[in-house]
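Here the structure comes first, spelled out in structure tokens, and everything after it is commentary.
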Amino acid sequence: MKYMMMIYAGSVGEEVASGEEAASGAADTAGFEAWQRYHEQVRDAGILVSSESLADLVTATTVRVDEAGERTVTDGPFAESREVLGGFYVIDVPDLDAALDWAARCPGSRGDGAVVVRPVADFGA
């Protein structure tokens, strides 16, 4: 079964709101070597479907469409949250327990970070 692991960096706070410092998501919570090792483990286990790290939060653009169909585009994110989505993995494992084990190994789950695990909907089933 496929699961998406969404990697969130926590406590980004004022530096993101003020634009003083670009938050690149959960990648900041662990060293590059830890992320590289984790990625190799996921790949070598044969469970990797896809993964991406997102660009700095300040590069985001938000689109909203109101009830009249009018589009509003805003530079940057507009969320009242202290967590920032930094990237994701989609893995193919037998069950939720296996997905949770891989999420716990992820460097993004440490410190102020979190990894949210959700099954990928299979509309063909």
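Lettering and numbering for the structure tokens are positional, with chains as A, B, ... in the shown order, residues counted from 1 in each chain, and ligands counted from 1 in the shown order.
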
Checklist line | Those in range 81-116 of chain A with alpha helix (DSSP H) from DSSP, as an MDAnalysis selection string | finding: chainID A and resid 96:105

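The neighbours of range 49-55 of chain A here are the residues that come within 7 Å of it, using only C-alpha atoms and leaving out any residue fewer than 4 positions away in the same chain; they are Ser24, Thr59, Gly86, Gly87, Phe88, Tyr89, Val90, Ile91 and Asp92 of chain A.
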
Writing out the chosen residues with C-alpha atoms as a compact mmCIF listing (two decimals), in the first residue's frame:
```txt
# COMPACT_ATOMS: atom_id res chain seq x y z
CA SER A 24 13.53 25.54 3.77
CA THR A 59 9.16 31.19 -2.96
CA GLY A 86 9.46 20.90 3.78
CA GLY A 87 9.08 17.86 1.56
CA PHE A 88 7.60 14.41 1.21
CA TYR A 89 8.18 10.77 0.51
CA VAL A 90 5.70 8.38 -1.08
CA ILE A 91 6.55 4.83 -0.07
CA ASP A 92 5.01 1.49 -0.93
```

Item checked: Selection: 6 Å around range 97-109 of chain A, only C-alpha atoms, excl. self and same-chain fewer than 4 positions, as a count of residues only -> 6

Checklist line | Of the listed residues A:Ile47, A:Met5, A:Val58, A:Ala34, that which approaches Val93 in chain A most closely, counting only C-alpha atoms | finding: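 Of the candidates, the smallest distance to Val93 in chain A is held by A:Ile47.
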